[in-house]
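What's in structure-v4.pdb: PDB, C-alpha atoms, pLDDT in the B column
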ATOM      1  CA  MET A 415     -28.531 -17.903 -99.779  1.00 50.00           C
ATOM      2  CA  GLN A 416     -29.450 -19.014 -96.276  1.00 55.00           C
ATOM      3  CA  HIS A 417     -27.587 -17.410 -93.356  1.00 59.00           C
ATOM      4  CA  ARG A 418     -26.910 -19.276 -90.057  1.00 65.00           C
ATOM      5  CA  PRO A 419     -27.431 -17.355 -86.859  1.00 69.00           C
ATOM      6  CA  ALA A 420     -24.331 -16.266 -84.999  1.00 71.00           C
ATOM      7  CA  PRO A 421     -23.281 -18.782 -82.221  1.00 71.00           C
ATOM      8  CA  THR A 422     -23.897 -17.890 -78.641  1.00 77.00           C
ATOM      9  CA  LEU A 423     -21.034 -17.254 -76.232  1.00 74.00           C
ATOM     10  CA  ALA A 424     -21.503 -20.684 -74.614  1.00 74.00           C
ATOM     11  CA  GLU A 425     -21.414 -22.370 -78.007  1.00 75.00           C
ATOM     12  CA  SER A 426     -18.255 -20.501 -78.942  1.00 73.00           C
ATOM     13  CA  ILE A 427     -16.512 -21.545 -75.718  1.00 74.00           C
ATOM     14  CA  ALA A 428     -17.614 -25.179 -76.115  1.00 75.00           C
ATOM     15  CA  ALA A 429     -16.390 -25.228 -79.711  1.00 73.00           C
ATOM     16  CA  ALA A 430     -13.011 -23.813 -78.722  1.00 71.00           C
ATOM     17  CA  GLN A 431     -12.593 -26.404 -75.969  1.00 72.00           C
ATOM     18  CA  ALA A 432     -13.559 -29.194 -78.370  1.00 72.00           C
ATOM     19  CA  TRP A 433     -11.064 -27.967 -80.952  1.00 65.00           C
ATOM     20  CA  TRP A 434      -8.184 -27.898 -78.491  1.00 66.00           C
ATOM     21  CA  ARG A 435      -9.236 -31.258 -77.034  1.00 72.00           C
ATOM     22  CA  ASP A 436      -9.147 -32.815 -80.485  1.00 67.00           C
ATOM     23  CA  ALA A 437      -5.702 -31.288 -80.930  1.00 65.00           C
ATOM     24  CA  GLY A 438      -4.496 -33.121 -77.801  1.00 63.00           C
ATOM     25  CA  VAL A 439      -4.295 -30.146 -75.463  1.00 64.00           C
ATOM     26  CA  ASP A 440      -5.973 -30.860 -72.136  1.00 64.00           C
ATOM     27  CA  PHE A 441      -4.675 -28.034 -69.949  1.00 63.00           C
ATOM     28  CA  ALA A 442      -4.050 -24.332 -70.167  1.00 64.00           C
ATOM     29  CA  TYR A 443      -0.483 -23.213 -69.540  1.00 62.00           C
ATOM     30  CA  ARG A 444       0.957 -19.840 -68.575  1.00 64.00           C
ATOM     31  CA  ASP A 445       4.525 -18.638 -68.440  1.00 63.00           C
ATOM     32  CA  GLU A 446       3.913 -16.554 -65.355  1.00 68.00           C
ATOM     33  CA  PRO A 447       3.801 -18.409 -61.989  1.00 65.00           C
ATOM     34  CA  ALA A 448       0.503 -18.300 -60.147  1.00 62.00           C
ATOM     35  CA  ALA A 449      -0.099 -18.580 -56.405  1.00 63.00           C
ATOM     36  CA  TRP A 450      -2.394 -21.595 -56.277  1.00 58.00           C
ATOM     37  CA  LEU A 451      -2.121 -22.088 -52.511  1.00 61.00           C
ATOM     38  CA  ALA A 452      -3.271 -19.659 -49.887  1.00 59.00           C
ATOM     39  CA  ASP A 453      -0.636 -17.831 -47.930  1.00 60.00           C
ATOM     40  CA  ALA A 454       0.459 -19.710 -44.779  1.00 57.00           C
ATOM     41  CA  GLU A 455      -1.104 -18.616 -41.535  1.00 59.00           C
ATOM     42  CA  PRO A 456       1.173 -16.337 -39.556  1.00 57.00           C
ATOM     43  CA  ALA A 457       3.172 -18.342 -37.051  1.00 56.00           C
ATOM     44  CA  GLU A 458       2.113 -17.974 -33.452  1.00 57.00           C
ATOM     45  CA  ALA A 459       4.505 -16.159 -31.236  1.00 55.00           C
ATOM     46  CA  ALA A 460       7.013 -18.642 -29.847  1.00 55.00           C
ATOM     47  CA  VAL A 461       6.831 -19.209 -26.128  1.00 53.00           C
ATOM     48  CA  PRO A 462      10.072 -17.894 -24.667  1.00 55.00           C
ATOM     49  CA  VAL A 463      12.252 -20.602 -23.184  1.00 53.00           C
ATOM     50  CA  SER A 464      13.401 -20.002 -19.673  1.00 54.00           C
ATOM     51  CA  SER A 465      17.023 -19.034 -19.533  1.00 54.00           C
ATOM     52  CA  ALA A 466      17.432 -20.373 -16.013  1.00 55.00           C
ATOM     53  CA  PRO A 467      20.225 -22.986 -15.955  1.00 56.00           C
ATOM     54  CA  ALA A 468      19.278 -26.579 -15.300  1.00 55.00           C
ATOM     55  CA  ALA A 469      19.983 -27.892 -11.858  1.00 50.00           C
ATOM     56  CA  PRO A 470      23.405 -29.563 -11.768  1.00 53.00           C
ATOM     57  CA  LEU A 471      23.466 -33.321 -11.327  1.00 46.00           C
ATOM     58  CA  SER A 472      25.294 -32.915  -8.058  1.00 47.00           C
ATOM     59  CA  SER A 473      22.225 -31.202  -6.595  1.00 46.00           C
ATOM     60  CA  MET A 474      19.940 -34.143  -7.370  1.00 45.00           C
ATOM     61  CA  PRO A 475      19.031 -36.158  -4.287  1.00 48.00           C
ATOM     62  CA  SER A 476      21.122 -39.310  -3.977  1.00 55.00           C
ATOM     63  CA  PRO A 477      19.509 -42.664  -3.214  1.00 66.00           C
ATOM     64  CA  GLN A 478      19.191 -43.466   0.458  1.00 78.00           C
ATOM     65  CA  PRO A 479      22.073 -45.656   1.647  1.00 89.00           C
ATOM     66  CA  ALA A 480      21.091 -49.274   2.230  1.00 93.00           C
ATOM     67  CA  GLY A 481      20.333 -49.795   5.893  1.00 92.00           C
ATOM     68  CA  GLY A 482      20.352 -46.113   6.778  1.00 91.00           C
ATOM     69  CA  ASP A 483      22.440 -45.001   9.732  1.00 91.00           C
ATOM     70  CA  ARG A 484      24.845 -47.784  10.662  1.00 92.00           C
ATOM     71  CA  ALA A 485      24.604 -46.804  14.305  1.00 92.00           C
ATOM     72  CA  GLY A 486      21.110 -48.276  14.306  1.00 93.00           C
ATOM     73  CA  TRP A 487      22.000 -51.618  12.726  1.00 97.00           C
ATOM     74  CA  PRO A 488      21.041 -54.644  14.870  1.00 97.00           C
ATOM     75  CA  GLN A 489      23.807 -56.424  16.735  1.00 96.00           C
ATOM     76  CA  ASP A 490      22.434 -59.970  16.935  1.00 96.00           C
ATOM     77  CA  LEU A 491      21.027 -62.338  14.330  1.00 96.00           C
ATOM     78  CA  ALA A 492      17.477 -62.486  15.709  1.00 95.00           C
ATOM     79  CA  ALA A 493      17.146 -58.697  15.696  1.00 97.00           C
ATOM     80  CA  PHE A 494      18.686 -58.558  12.235  1.00 97.00           C
ATOM     81  CA  ALA A 495      16.006 -60.925  10.891  1.00 96.00           C
ATOM     82  CA  GLN A 496      13.255 -58.537  12.012  1.00 97.00           C
ATOM     83  CA  TRP A 497      15.151 -55.504  10.718  1.00 97.00           C
ATOM     84  CA  TRP A 498      15.705 -57.265   7.378  1.00 97.00           C
ATOM     85  CA  LEU A 499      11.931 -57.535   6.960  1.00 97.00           C
ATOM     86  CA  ALA A 500      11.082 -53.978   8.006  1.00 95.00           C
ATOM     87  CA  GLU A 501      13.890 -51.588   7.017  1.00 95.00           C
ATOM     88  CA  PRO A 502      12.587 -49.610   3.967  1.00 94.00           C
ATOM     89  CA  SER A 503      16.012 -48.792   2.504  1.00 94.00           C
ATOM     90  CA  LEU A 504      16.831 -52.491   2.037  1.00 94.00           C
ATOM     91  CA  ASP A 505      14.024 -53.155  -0.405  1.00 89.00           C
ATOM     92  CA  ALA A 506      12.721 -51.608  -3.631  1.00 82.00           C
ATOM     93  CA  GLY A 507       9.343 -53.304  -3.352  1.00 86.00           C
ATOM     94  CA  GLY A 508       7.706 -56.046  -5.362  1.00 88.00           C
ATOM     95  CA  THR A 509       4.940 -58.620  -5.344  1.00 91.00           C
ATOM     96  CA  HIS A 510       6.929 -61.303  -3.523  1.00 95.00           C
ATOM     97  CA  PRO A 511       7.172 -61.310   0.283  1.00 96.00           C
ATOM     98  CA  ARG A 512      10.317 -60.342   2.152  1.00 97.00           C
ATOM     99  CA  LEU A 513      11.852 -63.341   3.912  1.00 98.00           C
ATOM    100  CA  ALA A 514      14.353 -63.464   6.734  1.00 97.00           C
ATOM    101  CA  PRO A 515      17.438 -65.689   6.980  1.00 98.00           C
ATOM    102  CA  ARG A 516      16.955 -68.857   8.991  1.00 96.00           C
ATOM    103  CA  GLY A 517      19.241 -70.812  11.255  1.00 96.00           C
ATOM    104  CA  GLU A 518      21.185 -70.163  14.424  1.00 95.00           C
ATOM    105  CA  ALA A 519      24.249 -67.992  14.915  1.00 96.00           C
ATOM    106  CA  GLY A 520      27.458 -70.006  14.936  1.00 97.00           C
ATOM    107  CA  ALA A 521      26.138 -72.648  12.500  1.00 97.00           C
ATOM    108  CA  ALA A 522      28.699 -75.041  11.116  1.00 98.00           C
ATOM    109  CA  LEU A 523      27.656 -74.188   7.560  1.00 98.00           C
ATOM    110  CA  LEU A 524      25.939 -71.166   6.024  1.00 98.00           C
ATOM    111  CA  LEU A 525      24.426 -71.384   2.541  1.00 98.00           C
ATOM    112  CA  LEU A 526      24.134 -67.990   0.827  1.00 98.00           C
ATOM    113  CA  VAL A 527      21.904 -67.618  -2.251  1.00 98.00           C
ATOM    114  CA  PRO A 528      21.129 -64.529  -4.354  1.00 97.00           C
ATOM    115  CA  MET A 529      17.452 -64.253  -3.382  1.00 97.00           C
ATOM    116  CA  PRO A 530      14.417 -66.218  -2.190  1.00 97.00           C
ATOM    117  CA  GLU A 531      12.781 -68.597  -4.618  1.00 97.00           C
ATOM    118  CA  ASP A 532       9.953 -67.443  -6.834  1.00 96.00           C
ATOM    119  CA  GLY A 533       7.499 -69.630  -4.935  1.00 95.00           C
ATOM    120  CA  ASP A 534       8.651 -68.761  -1.409  1.00 97.00           C
ATOM    121  CA  ARG A 535       5.850 -67.287   0.694  1.00 95.00           C
ATOM    122  CA  ASP A 536       6.529 -67.956   4.387  1.00 96.00           C
ATOM    123  CA  THR A 537       9.994 -69.528   4.560  1.00 96.00           C
ATOM    124  CA  LEU A 538      13.223 -68.833   2.707  1.00 98.00           C
ATOM    125  CA  LEU A 539      14.096 -71.605   0.210  1.00 97.00           C
ATOM    126  CA  SER A 540      10.952 -73.650   0.726  1.00 97.00           C
ATOM    127  CA  GLY A 541      10.866 -74.995  -2.837  1.00 97.00           C
ATOM    128  CA  PRO A 542      13.104 -77.047  -5.153  1.00 97.00           C
ATOM    129  CA  HIS A 543      16.149 -74.850  -4.515  1.00 97.00           C
ATOM    130  CA  GLY A 544      15.840 -75.389  -0.787  1.00 97.00           C
ATOM    131  CA  ARG A 545      15.393 -79.130  -1.166  1.00 97.00           C
ATOM    132  CA  LEU A 546      18.498 -79.318  -3.357  1.00 97.00           C
ATOM    133  CA  LEU A 547      20.624 -77.430  -0.822  1.00 97.00           C
ATOM    134  CA  ALA A 548      19.229 -79.447   2.082  1.00 97.00           C
ATOM    135  CA  SER A 549      20.112 -82.673   0.264  1.00 97.00           C
ATOM    136  CA  PHE A 550      23.627 -81.429  -0.333  1.00 97.00           C
ATOM    137  CA  ALA A 551      24.108 -80.453   3.322  1.00 97.00           C
ATOM    138  CA  ARG A 552      22.739 -83.787   4.499  1.00 97.00           C
ATOM    139  CA  ALA A 553      25.045 -85.691   2.124  1.00 97.00           C
ATOM    140  CA  ALA A 554      27.949 -83.587   3.421  1.00 97.00           C
ATOM    141  CA  GLY A 555      27.190 -84.803   6.947  1.00 96.00           C
ATOM    142  CA  PHE A 556      25.429 -81.748   8.433  1.00 97.00           C
ATOM    143  CA  ALA A 557      22.345 -82.041  10.596  1.00 97.00           C
ATOM    144  CA  PRO A 558      19.549 -79.560   9.682  1.00 96.00           C
ATOM    145  CA  GLU A 559      20.086 -77.557  12.868  1.00 96.00           C
ATOM    146  CA  ALA A 560      23.771 -77.111  11.993  1.00 98.00           C
ATOM    147  CA  VAL A 561      22.955 -75.296   8.719  1.00 98.00           C
ATOM    148  CA  ALA A 562      21.953 -71.650   8.301  1.00 98.00           C
ATOM    149  CA  VAL A 563      20.446 -70.247   5.101  1.00 98.00           C
ATOM    150  CA  ALA A 564      20.532 -66.614   3.968  1.00 98.00           C
ATOM    151  CA  ALA A 565      19.794 -64.626   0.825  1.00 98.00           C
ATOM    152  CA  ALA A 566      21.562 -61.523  -0.462  1.00 97.00           C
ATOM    153  CA  LEU A 567      18.187 -59.865  -1.186  1.00 97.00           C
ATOM    154  CA  PRO A 568      15.107 -59.732   1.050  1.00 97.00           C
ATOM    155  CA  ARG A 569      12.663 -60.819  -1.666  1.00 96.00           C
ATOM    156  CA  HIS A 570      12.642 -62.574  -5.037  1.00 97.00           C
ATOM    157  CA  THR A 571      13.692 -59.900  -7.547  1.00 94.00           C
ATOM    158  CA  PRO A 572      13.927 -60.637 -11.285  1.00 91.00           C
ATOM    159  CA  LEU A 573      17.026 -59.056 -12.869  1.00 91.00           C
ATOM    160  CA  PRO A 574      18.389 -57.207  -9.830  1.00 92.00           C
ATOM    161  CA  ASP A 575      20.858 -54.360 -10.313  1.00 91.00           C
ATOM    162  CA  TRP A 576      23.800 -55.805  -8.386  1.00 90.00           C
ATOM    163  CA  ASP A 577      26.122 -52.909  -9.238  1.00 89.00           C
ATOM    164  CA  GLY A 578      23.519 -50.414  -8.066  1.00 91.00           C
ATOM    165  CA  LEU A 579      23.034 -52.360  -4.847  1.00 92.00           C
ATOM    166  CA  ALA A 580      26.751 -52.287  -4.146  1.00 92.00           C
ATOM    167  CA  ALA A 581      26.870 -48.556  -4.880  1.00 92.00           C
ATOM    168  CA  ARG A 582      24.148 -47.975  -2.279  1.00 93.00           C
ATOM    169  CA  GLY A 583      26.068 -49.928   0.361  1.00 95.00           C
ATOM    170  CA  HIS A 584      24.135 -53.194   0.276  1.00 96.00           C
ATOM    171  CA  ASP A 585      27.458 -55.014   0.366  1.00 94.00           C
ATOM    172  CA  ALA A 586      28.104 -53.658   3.873  1.00 95.00           C
ATOM    173  CA  VAL A 587      24.671 -54.870   4.983  1.00 96.00           C
ATOM    174  CA  LEU A 588      25.346 -58.352   3.630  1.00 96.00           C
ATOM    175  CA  LEU A 589      28.745 -58.541   5.321  1.00 95.00           C
ATOM    176  CA  HIS A 590      27.115 -57.402   8.559  1.00 96.00           C
ATOM    177  CA  LEU A 591      24.648 -60.271   8.253  1.00 97.00           C
ATOM    178  CA  LEU A 592      27.437 -62.789   7.706  1.00 97.00           C
ATOM    179  CA  GLY A 593      29.297 -61.361  10.664  1.00 96.00           C
ATOM    180  CA  LEU A 594      26.278 -61.815  12.928  1.00 97.00           C
ATOM    181  CA  ALA A 595      25.760 -65.353  11.596  1.00 97.00           C
ATOM    182  CA  HIS A 596      29.334 -66.199  12.659  1.00 96.00           C
ATOM    183  CA  SER A 597      29.250 -69.491  10.760  1.00 96.00           C
ATOM    184  CA  GLN A 598      32.246 -71.773  10.469  1.00 96.00           C
ATOM    185  CA  ARG A 599      31.989 -72.206   6.692  1.00 96.00           C
ATOM    186  CA  VAL A 600      30.173 -70.356   3.900  1.00 96.00           C
ATOM    187  CA  ILE A 601      29.057 -71.626   0.506  1.00 96.00           C
ATOM    188  CA  VAL A 602      28.015 -68.941  -1.978  1.00 95.00           C
ATOM    189  CA  PHE A 603      25.586 -70.059  -4.664  1.00 96.00           C
ATOM    190  CA  GLY A 604      25.848 -67.668  -7.617  1.00 93.00           C
ATOM    191  CA  ARG A 605      28.634 -65.474  -9.007  1.00 88.00           C
ATOM    192  CA  SER A 606      26.393 -62.399  -8.887  1.00 89.00           C
ATOM    193  CA  ILE A 607      26.837 -62.204  -5.099  1.00 90.00           C
ATOM    194  CA  LEU A 608      30.639 -62.026  -5.183  1.00 88.00           C
ATOM    195  CA  PRO A 609      30.895 -58.243  -5.869  1.00 88.00           C
ATOM    196  CA  LEU A 610      28.847 -57.689  -2.698  1.00 91.00           C
ATOM    197  CA  LEU A 611      31.486 -59.677  -0.803  1.00 89.00           C
ATOM    198  CA  GLY A 612      34.414 -57.586  -1.984  1.00 82.00           C
ATOM    199  CA  HIS A 613      35.494 -59.706  -4.959  1.00 75.00           C
ATOM    200  CA  ALA A 614      35.853 -58.267  -8.467  1.00 64.00           C
ATOM    201  CA  PRO A 615      33.468 -59.709 -11.096  1.00 58.00           C
ATOM    202  CA  ALA A 616      36.438 -60.573 -13.321  1.00 58.00           C
ATOM    203  CA  GLN A 617      37.948 -62.753 -10.603  1.00 58.00           C
ATOM    204  CA  ALA A 618      37.372 -66.437 -11.212  1.00 58.00           C
ATOM    205  CA  ALA A 619      34.743 -67.710  -8.799  1.00 55.00           C
ATOM    206  CA  HIS A 620      36.705 -70.888  -8.051  1.00 61.00           C
ATOM    207  CA  ALA A 621      39.713 -68.774  -7.059  1.00 60.00           C
ATOM    208  CA  VAL A 622      37.795 -67.273  -4.126  1.00 68.00           C
ATOM    209  CA  SER A 623      38.488 -69.454  -1.093  1.00 82.00           C
ATOM    210  CA  GLU A 624      38.026 -67.272   1.970  1.00 87.00           C
ATOM    211  CA  LEU A 625      36.050 -64.319   3.260  1.00 89.00           C
ATOM    212  CA  ALA A 626      37.207 -61.658   5.705  1.00 88.00           C
ATOM    213  CA  ILE A 627      34.386 -60.760   8.104  1.00 89.00           C
ATOM    214  CA  GLN A 628      34.772 -58.505  11.131  1.00 85.00           C
ATOM    215  CA  GLY A 629      38.409 -59.316  11.724  1.00 87.00           C
ATOM    216  CA  ARG A 630      38.255 -63.057  11.102  1.00 90.00           C
ATOM    217  CA  THR A 631      38.673 -65.208   8.000  1.00 93.00           C
ATOM    218  CA  VAL A 632      35.972 -67.720   7.081  1.00 94.00           C
ATOM    219  CA  PRO A 633      36.526 -70.579   4.603  1.00 93.00           C
ATOM    220  CA  LEU A 634      34.475 -69.873   1.482  1.00 93.00           C
ATOM    221  CA  LEU A 635      33.346 -72.110  -1.361  1.00 94.00           C
ATOM    222  CA  THR A 636      31.671 -70.642  -4.449  1.00 92.00           C
ATOM    223  CA  THR A 637      29.499 -72.414  -6.968  1.00 93.00           C
ATOM    224  CA  TYR A 638      26.663 -71.874  -9.409  1.00 94.00           C
ATOM    225  CA  ALA A 639      23.233 -70.521  -8.487  1.00 96.00           C
ATOM    226  CA  PRO A 640      20.668 -73.131  -7.382  1.00 97.00           C
ATOM    227  CA  GLU A 641      18.662 -72.956 -10.609  1.00 96.00           C
ATOM    228  CA  THR A 642      21.783 -73.798 -12.612  1.00 96.00           C
ATOM    229  CA  LEU A 643      22.644 -76.726 -10.354  1.00 97.00           C
ATOM    230  CA  LEU A 644      19.110 -78.095 -10.681  1.00 96.00           C
ATOM    231  CA  LYS A 645      19.407 -78.135 -14.469  1.00 96.00           C
ATOM    232  CA  SER A 646      22.897 -79.649 -14.682  1.00 96.00           C
ATOM    233  CA  ALA A 647      23.934 -82.984 -13.194  1.00 96.00           C
ATOM    234  CA  ARG A 648      27.458 -82.184 -14.331  1.00 96.00           C
ATOM    235  CA  GLU A 649      27.587 -79.005 -12.256  1.00 96.00           C
ATOM    236  CA  ARG A 650      26.152 -80.819  -9.237  1.00 96.00           C
ATOM    237  CA  ALA A 651      28.869 -83.453  -9.545  1.00 96.00           C
ATOM    238  CA  GLY A 652      31.452 -80.697  -9.894  1.00 95.00           C
ATOM    239  CA  LEU A 653      30.224 -79.032  -6.709  1.00 95.00           C
ATOM    240  CA  TRP A 654      30.421 -82.282  -4.791  1.00 96.00           C
ATOM    241  CA  GLN A 655      33.961 -82.942  -5.982  1.00 95.00           C
ATOM    242  CA  ARG A 656      35.045 -79.412  -5.057  1.00 93.00           C
ATOM    243  CA  TRP A 657      33.457 -79.854  -1.640  1.00 95.00           C
ATOM    244  CA  LEU A 658      35.415 -83.063  -1.094  1.00 94.00           C
ATOM    245  CA  ASP A 659      38.640 -81.398  -2.188  1.00 91.00           C
ATOM    246  CA  TRP A 660      37.914 -78.364   0.014  1.00 89.00           C
ATOM    247  CA  THR A 661      37.179 -80.325   3.168  1.00 88.00           C
ATOM    248  CA  ASP A 662      40.016 -82.763   2.506  1.00 79.00           C
ATOM    249  CA  VAL A 663      42.495 -79.866   2.472  1.00 54.00           C
ATOM    250  CA  ASP A 664      41.101 -78.533   5.748  1.00 56.00           C
ATOM    251  CA  GLU A 665      41.400 -81.925   7.433  1.00 55.00           C
ATOM    252  CA  ARG A 666      45.058 -82.400   6.574  1.00 48.00           C
TER     253      ARG A 666
END
With the file now loaded, output its structure as structure tokens.
Amino acid sequence: MQHRPAPTLAESIAAAQAWWRDAGVDFAYRDEPAAWLADAEPAEAAVPVSSAPAAPLSSMPSPQPAGGDRAGWPQDLAAFAQWWLAEPSLDAGGTHPRLAPRGEAGAALLLLVPMPEDGDRDTLLSGPHGRLLASFARAAGFAPEAVAVAAALPRHTPLPDWDGLAARGHDAVLLHLLGLAHSQRVIVFGRSILPLLGHAPAQAAHAVSELAIQGRTVPLLTTYAPETLLKSARERAGLWQRWLDWTDVDER
């Protein structure tokens, strides 16, 4: 009878694994849980948070009032034009130039727009908006020298914060400008300007017919902003009809 040599340890282990594999068992299972992952690193000591109370909002510096000290505001239109270009508190900066109002004090008609045109570089309303307003004034019977033009903002400013401007006192600066202009009539182009003139935003623009400036009342006509009028022949016709009705009432 021939005897086979005893299997080595490696052969015994391989045979056992093959037997269990053929039986469909691929893994070894234990009832006791095992810690397969290393223990987490000890957390670093937390940095203590300062217990000092935050500064109250009331202690935060408030924005500088528009125009600064009113005692230093200019008292004639020519001086105002220079101040309008130089006073830091009137302007938040931007890539467009600051432009002064144009025209003489006491003009028969003042045209007030929200801001200079995008393409203005040396003169206020030197582009299509200015040509539209000049054509209107000429059709209404005004010579160029009888018309003054002003903007509520020194430079072209996309999406201005009108409420913030009013809160900083820009409305008082604008009314001061209109007082120095001392024009006989005012046409406001754009509803956004009305809150700076003391009229609530909810008030219908067409219901605003006069403006109180430095103790006197000036006839006021309101209409759409120049860019809206350029796009709509209907709105231009509506402005002309309202102008005729407005001046007809005054002449009666």
Tell me, as an MDAnalysis selection string, which residues lie within 10 Å of Arg656 (chain A), counting all atoms listed in the file; anything in the same chain fewer than 3 positions away does not count.
chainID A and resid 620 635:637 650:653 659:662
Shell of 9 Å around Leu592 (chain A), only C-alpha atoms, local chain residues under 4 positions omitted, as a list in words
Leu524, Ala564, Val587, Leu588, His596, Ser597, Val600 and Ile627 of chain A
Requested write-out: C-alpha atoms of the selected residues, as an mmCIF file, keeping the file's coordinate frame:
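Contents of part_23.cif, as written:
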data_model
loop_
_atom_site.group_PDB
_atom_site.id
_atom_site.type_symbol
_atom_site.label_atom_id
_atom_site.label_comp_id
_atom_site.auth_asym_id
_atom_site.auth_seq_id
_atom_site.Cartn_x
_atom_site.Cartn_y
_atom_site.Cartn_z
ATOM 1 C CA LEU A 524 25.939 -71.166 6.024
ATOM 2 C CA ALA A 564 20.532 -66.614 3.968
ATOM 3 C CA VAL A 587 24.671 -54.870 4.983
ATOM 4 C CA LEU A 588 25.346 -58.352 3.630
ATOM 5 C CA HIS A 596 29.334 -66.199 12.659
ATOM 6 C CA SER A 597 29.250 -69.491 10.760
ATOM 7 C CA VAL A 600 30.173 -70.356 3.900
ATOM 8 C CA ILE A 627 34.386 -60.760 8.104
#
Separation of CA of Pro558 (chain A) from CA of Ala647 (chain A) in Å:
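Between CA of Ala647 (chain A) and CA of Pro558 (chain A) the gap works out to 23.5 Å.
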Resolved residues for the PyMOL selection byres ((chain A and resi 562) around 12) as JSON, numbers by chain
{"A": [491, 514, 515, 516, 517, 518, 519, 520, 521, 522, 523, 524, 525, 526, 527, 538, 539, 544, 547, 548, 551, 556, 557, 558, 559, 560, 561, 563, 564, 565, 591, 592, 594, 595, 596, 597, 598, 599, 600, 601]}
What is the CA of His584 (chain A) to CA of Leu567 (chain A) distance in Å?
9.1 Å
Between A:Trp657, A:Gly583, A:Pro542, A:Leu610, which residue has the minimum interatomic distance to Leu625 (chain A), considering all atoms listed in the file?
A:Leu610
Taking (24.9, -68.5, -10.2) in the file's coordinates as the center, which residues reach within 9 Å of it, counting all atoms listed in the file, put as a ChimeraX atom specification?
/A:527-528,602-607,637-643
For CA of Leu579 (chain A) and CA of Ala480 (chain A), the interatomic separation in Å (one decimal)
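Computed distance, CA of Leu579 (chain A) to CA of Ala480 (chain A), equals 8.0 Å.
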Find the residues near Leu513 (chain A): any atom within 7 Å, counting all atoms listed in the file, skip ones fewer than 6 places away on the same chain, and give them as a PDB file with C-alpha atoms, keeping the file's coordinate frame.
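Result file follows (result.pdb):
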ATOM      1  CA  LEU A 499      11.931 -57.535   6.960  1.00 97.00           C
ATOM      2  CA  THR A 537       9.994 -69.528   4.560  1.00 96.00           C
ATOM      3  CA  LEU A 538      13.223 -68.833   2.707  1.00 98.00           C
ATOM      4  CA  PRO A 568      15.107 -59.732   1.050  1.00 97.00           C
ATOM      5  CA  ARG A 569      12.663 -60.819  -1.666  1.00 96.00           C
TER       6      ARG A 569
END
The PyMOL selection byres ((chain A and resi 503) around 9) resolved against shown file, as a PDB file with C-alpha atoms, keeping the file's coordinate frame:
ATOM      1  CA  GLN A 478      19.191 -43.466   0.458  1.00 78.00           C
ATOM      2  CA  PRO A 479      22.073 -45.656   1.647  1.00 89.00           C
ATOM      3  CA  ALA A 480      21.091 -49.274   2.230  1.00 93.00           C
ATOM      4  CA  GLY A 481      20.333 -49.795   5.893  1.00 92.00           C
ATOM      5  CA  GLY A 482      20.352 -46.113   6.778  1.00 91.00           C
ATOM      6  CA  GLU A 501      13.890 -51.588   7.017  1.00 95.00           C
ATOM      7  CA  PRO A 502      12.587 -49.610   3.967  1.00 94.00           C
ATOM      8  CA  LEU A 504      16.831 -52.491   2.037  1.00 94.00           C
ATOM      9  CA  ASP A 505      14.024 -53.155  -0.405  1.00 89.00           C
ATOM     10  CA  ALA A 506      12.721 -51.608  -3.631  1.00 82.00           C
TER      11      ALA A 506
END
Could I get region 578-588 of chain A rebuilt with N, CA and C atoms, written as a PDB file, in the coordinates of the input?
ATOM      1  N   GLY A 578      24.205 -51.476  -8.776  1.00 91.00           N
ATOM      2  CA  GLY A 578      23.519 -50.414  -8.066  1.00 91.00           C
ATOM      3  C   GLY A 578      23.375 -50.707  -6.587  1.00 91.00           C
ATOM      4  N   LEU A 579      23.134 -51.973  -6.253  1.00 92.00           N
ATOM      5  CA  LEU A 579      23.034 -52.360  -4.847  1.00 92.00           C
ATOM      6  C   LEU A 579      24.351 -52.129  -4.116  1.00 92.00           C
ATOM      7  N   ALA A 580      25.438 -52.496  -4.765  1.00 92.00           N
ATOM      8  CA  ALA A 580      26.751 -52.287  -4.146  1.00 92.00           C
ATOM      9  C   ALA A 580      27.032 -50.798  -3.975  1.00 92.00           C
ATOM     10  N   ALA A 581      26.639 -49.991  -4.962  1.00 92.00           N
ATOM     11  CA  ALA A 581      26.870 -48.556  -4.880  1.00 92.00           C
ATOM     12  C   ALA A 581      26.098 -47.925  -3.719  1.00 92.00           C
ATOM     13  N   ARG A 582      24.958 -48.503  -3.375  1.00 93.00           N
ATOM     14  CA  ARG A 582      24.148 -47.975  -2.279  1.00 93.00           C
ATOM     15  C   ARG A 582      24.577 -48.528  -0.917  1.00 93.00           C
ATOM     16  N   GLY A 583      25.571 -49.410  -0.903  1.00 95.00           N
ATOM     17  CA  GLY A 583      26.068 -49.928   0.361  1.00 95.00           C
ATOM     18  C   GLY A 583      25.428 -51.222   0.805  1.00 95.00           C
ATOM     19  N   HIS A 584      24.749 -51.923  -0.114  1.00 96.00           N
ATOM     20  CA  HIS A 584      24.135 -53.194   0.276  1.00 96.00           C
ATOM     21  C   HIS A 584      25.187 -54.237   0.599  1.00 96.00           C
ATOM     22  N   ASP A 585      26.379 -54.072   0.054  1.00 94.00           N
ATOM     23  CA  ASP A 585      27.458 -55.014   0.366  1.00 94.00           C
ATOM     24  C   ASP A 585      27.790 -54.969   1.848  1.00 94.00           C
ATOM     25  N   ALA A 586      27.802 -53.772   2.438  1.00 95.00           N
ATOM     26  CA  ALA A 586      28.104 -53.658   3.873  1.00 95.00           C
ATOM     27  C   ALA A 586      27.021 -54.331   4.711  1.00 95.00           C
ATOM     28  N   VAL A 587      25.769 -54.218   4.256  1.00 96.00           N
ATOM     29  CA  VAL A 587      24.671 -54.870   4.983  1.00 96.00           C
ATOM     30  C   VAL A 587      24.839 -56.383   4.935  1.00 96.00           C
ATOM     31  N   LEU A 588      25.185 -56.902   3.767  1.00 96.00           N
ATOM     32  CA  LEU A 588      25.346 -58.352   3.630  1.00 96.00           C
ATOM     33  C   LEU A 588      26.514 -58.857   4.476  1.00 96.00           C
TER      34      LEU A 588
END
